[in-house]
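What follows is the content of entry.tsv, which has TSV, C-alpha atoms and all ligand atoms:
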```
chain	number	residue	atom	x	y	z
A	1113	MET	CA	-65.93	66.16	38.00
A	1114	ILE	CA	-63.57	66.99	40.84
A	1115	CYS	CA	-64.68	69.22	43.72
A	1116	GLU	CA	-62.18	72.05	44.07
A	1117	LEU	CA	-62.54	72.09	47.82
A	1118	CYS	CA	-62.41	68.47	48.99
A	1119	GLY	CA	-61.28	66.69	45.82
A	1120	ALA	CA	-64.33	64.39	45.75
A	1121	ASP	CA	-65.24	62.95	42.33
A	1122	VAL	CA	-68.97	63.70	41.91
A	1123	PRO	CA	-71.36	63.68	38.93
A	1124	ARG	CA	-72.12	67.37	39.13
A	1125	LEU	CA	-70.61	70.43	40.72
A	1126	LYS	CA	-72.13	73.65	42.00
A	1127	ASN	CA	-70.51	77.05	41.66
A	1128	VAL	CA	-70.45	78.74	45.02
A	1129	ALA	CA	-68.98	81.98	46.27
A	1130	ILE	CA	-66.85	81.41	49.34
A	1131	GLU	CA	-66.00	84.87	50.60
A	1132	SER	CA	-65.13	86.53	47.26
A	1133	THR	CA	-63.82	83.41	45.51
A	1134	ILE	CA	-65.89	81.32	43.11
A	1135	LEU	CA	-65.22	77.60	43.30
A	1136	SER	CA	-66.76	74.56	41.61
A	1137	VAL	CA	-67.53	72.25	44.49
A	1138	CYS	CA	-69.55	69.15	45.31
A	1139	GLY	CA	-72.97	69.34	47.00
A	1140	ASP	CA	-71.41	68.63	50.36
A	1141	CYS	CA	-68.95	71.51	50.18
A	1142	ALA	CA	-71.56	73.91	48.78
A	1143	ARG	CA	-72.64	74.63	52.36
A	1144	PHE	CA	-69.38	76.52	52.87
A	1145	GLY	CA	-70.51	79.28	50.50
A	1146	ASP	CA	-73.39	80.89	48.58
A	1147	GLU	CA	-74.39	79.25	45.34
A	1148	VAL	CA	-73.95	81.44	42.23
A	1149	ALA	CA	-75.31	81.04	38.69
A	1150	SER	CA	-72.04	80.98	36.78
A	1151	PRO	CA	-68.37	81.41	37.48
A	1152	VAL	CA	-67.22	84.98	37.11
A	1153	LEU	CA	-63.91	85.95	38.58
A	1154	ARG	CA	-61.51	83.24	39.66
A	1155	ARG	CA	-58.62	83.50	41.99
A	1156	SER	CA	-55.88	80.91	42.25
A	1157	THR	CA	-55.15	81.70	45.88
A	1158	MET	CA	-56.36	79.50	48.68
A	1159	PRO	CA	-59.95	80.34	49.62
A	1160	PRO	CA	-59.91	82.68	52.64
A	1161	ILE	CA	-62.09	80.38	54.71
A	1162	ILE	CA	-59.56	77.58	54.25
A	1163	ALA	CA	-56.68	79.88	55.09
A	1164	GLN	CA	-58.50	80.99	58.23
A	1165	ARG	CA	-59.17	77.42	59.31
A	1166	LEU	CA	-55.57	76.39	58.72
A	1167	GLU	CA	-54.37	79.38	60.67
A	1168	ALA	CA	-56.71	78.63	63.57
A	1169	ARG	CA	-55.56	75.00	63.58
A	1170	GLN	CA	-51.93	76.03	63.57
A	1171	ARG	CA	-52.52	78.42	66.47
A	1172	ARG	CA	-54.00	75.55	68.47
A	1173	MET	CA	-50.73	73.66	68.02
A	1174	THR	CA	-48.25	76.28	69.16
A	1175	PRO	CA	-46.06	75.45	72.15
A	1176	LYS	CA	-47.75	78.25	74.11
A	1177	ASP	CA	-51.04	76.36	73.90
A	1178	VAL	CA	-49.34	73.16	74.95
A	1179	TYR	CA	-48.11	74.93	78.06
A	1180	ALA	CA	-51.54	76.40	78.70
A	1181	GLN	CA	-53.00	72.90	78.59
A	1182	GLY	CA	-50.37	71.97	81.16
A	1183	GLY	CA	-47.49	69.69	80.28
A	1184	GLU	CA	-46.26	67.35	82.96
A	1185	LEU	CA	-43.48	68.16	85.40
A	1186	GLU	CA	-40.67	65.67	85.30
A	1187	LEU	CA	-37.36	65.45	87.11
A	1188	ALA	CA	-34.68	67.09	84.94
A	1189	GLU	CA	-32.31	64.57	83.39
A	1190	ASP	CA	-29.32	66.58	84.59
A	1191	PHE	CA	-30.53	66.87	88.19
A	1192	PRO	CA	-27.19	65.53	89.57
A	1193	GLN	CA	-25.27	68.40	87.92
A	1194	LYS	CA	-27.91	70.94	88.98
A	1195	ILE	CA	-27.63	69.88	92.62
A	1196	ARG	CA	-23.82	69.81	92.58
A	1197	SER	CA	-23.35	73.18	90.89
A	1198	ALA	CA	-25.94	74.90	93.13
A	1199	ARG	CA	-24.30	73.41	96.23
A	1200	GLU	CA	-20.77	74.35	95.11
A	1201	SER	CA	-21.83	77.89	94.19
A	1202	ARG	CA	-22.86	78.29	97.84
A	1203	GLY	CA	-19.52	76.94	99.04
A	1204	TRP	CA	-21.20	74.03	100.84
A	1205	LYS	CA	-19.75	70.56	101.29
A	1206	GLN	CA	-22.07	67.59	100.67
A	1207	ALA	CA	-22.37	67.24	104.45
A	1208	ASP	CA	-23.38	70.92	104.76
A	1209	LEU	CA	-26.24	70.48	102.34
A	1210	GLY	CA	-27.19	67.20	103.99
A	1211	ALA	CA	-27.40	68.86	107.40
A	1212	LYS	CA	-29.70	71.59	106.04
A	1213	ILE	CA	-32.20	69.11	104.66
A	1214	ASN	CA	-31.82	66.37	107.28
A	1215	GLU	CA	-30.12	63.89	105.00
A	1216	LYS	CA	-26.78	62.09	105.30
A	1217	ALA	CA	-23.84	63.30	103.21
A	1218	SER	CA	-23.91	59.88	101.52
A	1219	VAL	CA	-27.42	60.65	100.21
A	1220	ILE	CA	-26.14	63.90	98.67
A	1221	ALA	CA	-23.21	62.00	97.14
A	1222	LYS	CA	-25.58	59.45	95.61
A	1223	LEU	CA	-27.82	62.19	94.23
A	1224	GLU	CA	-24.88	64.06	92.70
A	1225	SER	CA	-23.52	60.91	91.09
A	1226	GLY	CA	-26.95	60.01	89.71
A	1227	ALA	CA	-26.92	56.75	91.69
A	1228	MET	CA	-30.12	57.82	93.45
A	1229	THR	CA	-33.26	59.50	92.14
A	1230	PRO	CA	-34.89	61.79	94.70
A	1231	GLY	CA	-38.58	61.36	95.55
A	1232	ASP	CA	-40.98	64.31	95.50
A	1233	ALA	CA	-40.40	65.26	99.15
A	1234	LEU	CA	-36.62	65.26	98.73
A	1235	VAL	CA	-36.90	67.21	95.46
A	1236	ARG	CA	-38.90	69.90	97.25
A	1237	LYS	CA	-36.35	70.16	100.08
A	1238	LEU	CA	-33.45	70.41	97.62
A	1239	GLU	CA	-35.25	73.00	95.49
A	1240	ARG	CA	-36.08	75.13	98.51
A	1241	GLU	CA	-32.62	74.94	100.10
A	1242	LEU	CA	-30.66	75.41	96.85
A	1243	GLY	CA	-33.06	77.88	95.23
A	1244	ILE	CA	-33.20	75.87	92.00
A	1245	ALA	CA	-35.81	73.99	89.97
A	1246	LEU	CA	-35.13	70.30	89.51
A	1247	LYS	CA	-38.33	69.57	87.60
A	1248	GLU	CA	-39.03	70.58	84.04
A	1249	ARG	CA	-42.29	70.87	82.14
A	1250	VAL	CA	-42.37	68.40	79.27
A	1251	GLN	CA	-44.73	68.14	76.31
A	1252	PRO	CA	-47.12	65.22	76.42
A	1253	VAL	CA	-46.17	62.68	73.75
A	1254	ALA	CA	-49.60	62.91	72.08
A	1255	VAL	CA	-49.12	66.62	71.43
A	1256	LYS	CA	-45.71	66.01	69.84
A	1257	LYS	CA	-47.27	63.47	67.45
A	1258	GLN	CA	-50.09	65.86	66.60
A	1259	ALA	CA	-47.64	68.67	65.88
A	1260	ALA	CA	-45.68	66.39	63.56
A	1261	ARG	CA	-48.79	66.03	61.43
A	1262	ALA	CA	-49.34	69.80	61.21
A	1263	GLY	CA	-48.80	69.78	57.43
A	1264	LEU	CA	-52.39	69.59	56.20
A	1265	THR	CA	-53.97	69.01	52.83
A	1266	LEU	CA	-57.38	70.34	51.90
A	1267	GLY	CA	-58.66	66.76	52.11
A	1268	ASP	CA	-57.48	66.53	55.73
A	1269	LEU	CA	-59.09	69.83	56.44
A	1270	VAL	CA	-62.51	68.73	55.20
A	1271	LYS	CA	-62.20	65.55	57.28
A	1272	LEU	CA	-61.20	67.70	60.21
A	1273	ASN	CA	-64.22	69.90	59.66
A	1274	ASP	CA	-66.50	66.86	59.64
A	1275	ASP	CA	-64.94	65.63	62.86
A	1276	GLU	CA	-65.62	68.92	64.55
A	1277	ALA	CA	-69.15	69.32	63.17
A	1301	ZN	ZN	-66.40	68.82	48.07
```

Can you turn what I pasted into structure tokens?
Amino acid sequence: MICELCGADVPRLKNVAIESTILSVCGDCARFGDEVASPVLRRSTMPPIIAQRLEARQRRMTPKDVYAQGGELELAEDFPQKIRSARESRGWKQADLGAKINEKASVIAKLESGAMTPGDALVRKLERELGIALKERVQPVAVKKQAARAGLTLGDLVKLNDDEA
């Protein structure tokens, strides 16, 4: 006999009411609902409690939550272009920008060609003087992997439930 909730093959099943749906489930899954004498009305839709759990899990994986947990700030890949275009939009030569942040024009040239990666202190000076953001918030790799597995089966869900219990 196959449990309709977790798919376990067990000798006997119990009929339980989960919200308003009657399911034949194993003893382990019976705790999700109230046991009933015999099946009455059956619905083919996903049991509401499962739908709710899936929905809650999906909400936990939205990008908004990732940002709330705080991704990491990393130097933008196109920082050379960002520096150059911000400088040029102000009509400054490389030496002009250098003078404002106490760096040689050659340092600005290296930054704008990508030959040099600025350290945190230099990034802050450039951001302040140019009025731009050179760092971007990136998703932690672990979260990306987790999101890739967002497609869940009921079996996964029961495992998930056990993990959280
Ligand atoms: Zn079960």

(Q) Which residues are near ligand ZN 1301 (chain A) - at most 9 Å, using all atoms listed in the file? Format: as a PyMOL selection string. (A) chain A and resi 1114-1122+1125+1136-1142+1267+1270

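Considering the residues A:Lys1205, A:Glu1186, A:Ile1195, A:Ile1213 and counting only C-alpha atoms, A:Asp1232 has its shortest atom-to-atom contact with A:Glu1186.
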
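Proximity of A:Gly1210, A:Pro1123, A:Pro1160, A:Gly1226 to A:Pro1192, computed with all atoms listed in the file, is greatest for A:Gly1226.
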
Q: To one decimal in Å, tell me the separation between atom CA of A:Ala1217 and atom CA of A:Gln1193.
A: 16.2 Å

Q) Quick one, how far is atom CA of A:Leu1187 from atom CA of A:Lys1247? A)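 Calculated distance between atom CA of A:Leu1187 and atom CA of A:Lys1247 is 4.3 Å.
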
Q. Please, what distance in Å, to one decimal, runs between atom CA of A:Ser1225 and atom CA of A:Glu1184?
A.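 Separation between atom CA of A:Ser1225 and atom CA of A:Glu1184: 25.0 Å.
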
**Q.** Nearest to A:Leu1242, chosen from A:Glu1200, A:Glu1224, A:Glu1215, A:Glu1131, with all atoms listed in the file counted in the distances
**A.**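 Between A:Glu1200, A:Glu1224, A:Glu1215, A:Glu1131, the residue approaching A:Leu1242 most closely is A:Glu1200.
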
Kindly extract all protein, DNA and RNA residues lying within 10 Å of the coordinates (-33.8, 68.0, 89.2) given in the file, considering all atoms listed in the file, and supply them as a short mmCIF file (atom, residue, chain, number, x, y, z; two decimals) with C-alpha atoms, in the frame of the given file.
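Output saved as part_32.cif:
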```
data_model
loop_
_atom_site.label_atom_id
_atom_site.label_comp_id
_atom_site.auth_asym_id
_atom_site.auth_seq_id
_atom_site.Cartn_x
_atom_site.Cartn_y
_atom_site.Cartn_z
CA GLU A 1186 -40.67 65.67 85.30
CA LEU A 1187 -37.36 65.45 87.11
CA ALA A 1188 -34.68 67.09 84.94
CA GLU A 1189 -32.31 64.57 83.39
CA ASP A 1190 -29.32 66.58 84.59
CA PHE A 1191 -30.53 66.87 88.19
CA PRO A 1192 -27.19 65.53 89.57
CA GLN A 1193 -25.27 68.40 87.92
CA LYS A 1194 -27.91 70.94 88.98
CA ILE A 1195 -27.63 69.88 92.62
CA LEU A 1223 -27.82 62.19 94.23
CA THR A 1229 -33.26 59.50 92.14
CA PRO A 1230 -34.89 61.79 94.70
CA VAL A 1235 -36.90 67.21 95.46
CA ARG A 1236 -38.90 69.90 97.25
CA LEU A 1238 -33.45 70.41 97.62
CA GLU A 1239 -35.25 73.00 95.49
CA ILE A 1244 -33.20 75.87 92.00
CA ALA A 1245 -35.81 73.99 89.97
CA LEU A 1246 -35.13 70.30 89.51
CA LYS A 1247 -38.33 69.57 87.60
CA GLU A 1248 -39.03 70.58 84.04
#
```

Q. From the set A:Ala1227, A:Leu1166, A:Ala1211, A:Ala1221, which residue has the shortest atom-to-atom contact distance to A:Arg1196, counting all atoms listed in the file?
A. A:Ala1221

Q: Would you mind telling me which residue in A:Ala1168, A:Ile1161, A:Ala1233, A:Val1148 lies nearest to A:Asn1214 when using all atoms listed in the file?
A: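 Result for the nearest residue to A:Asn1214: A:Ala1233.
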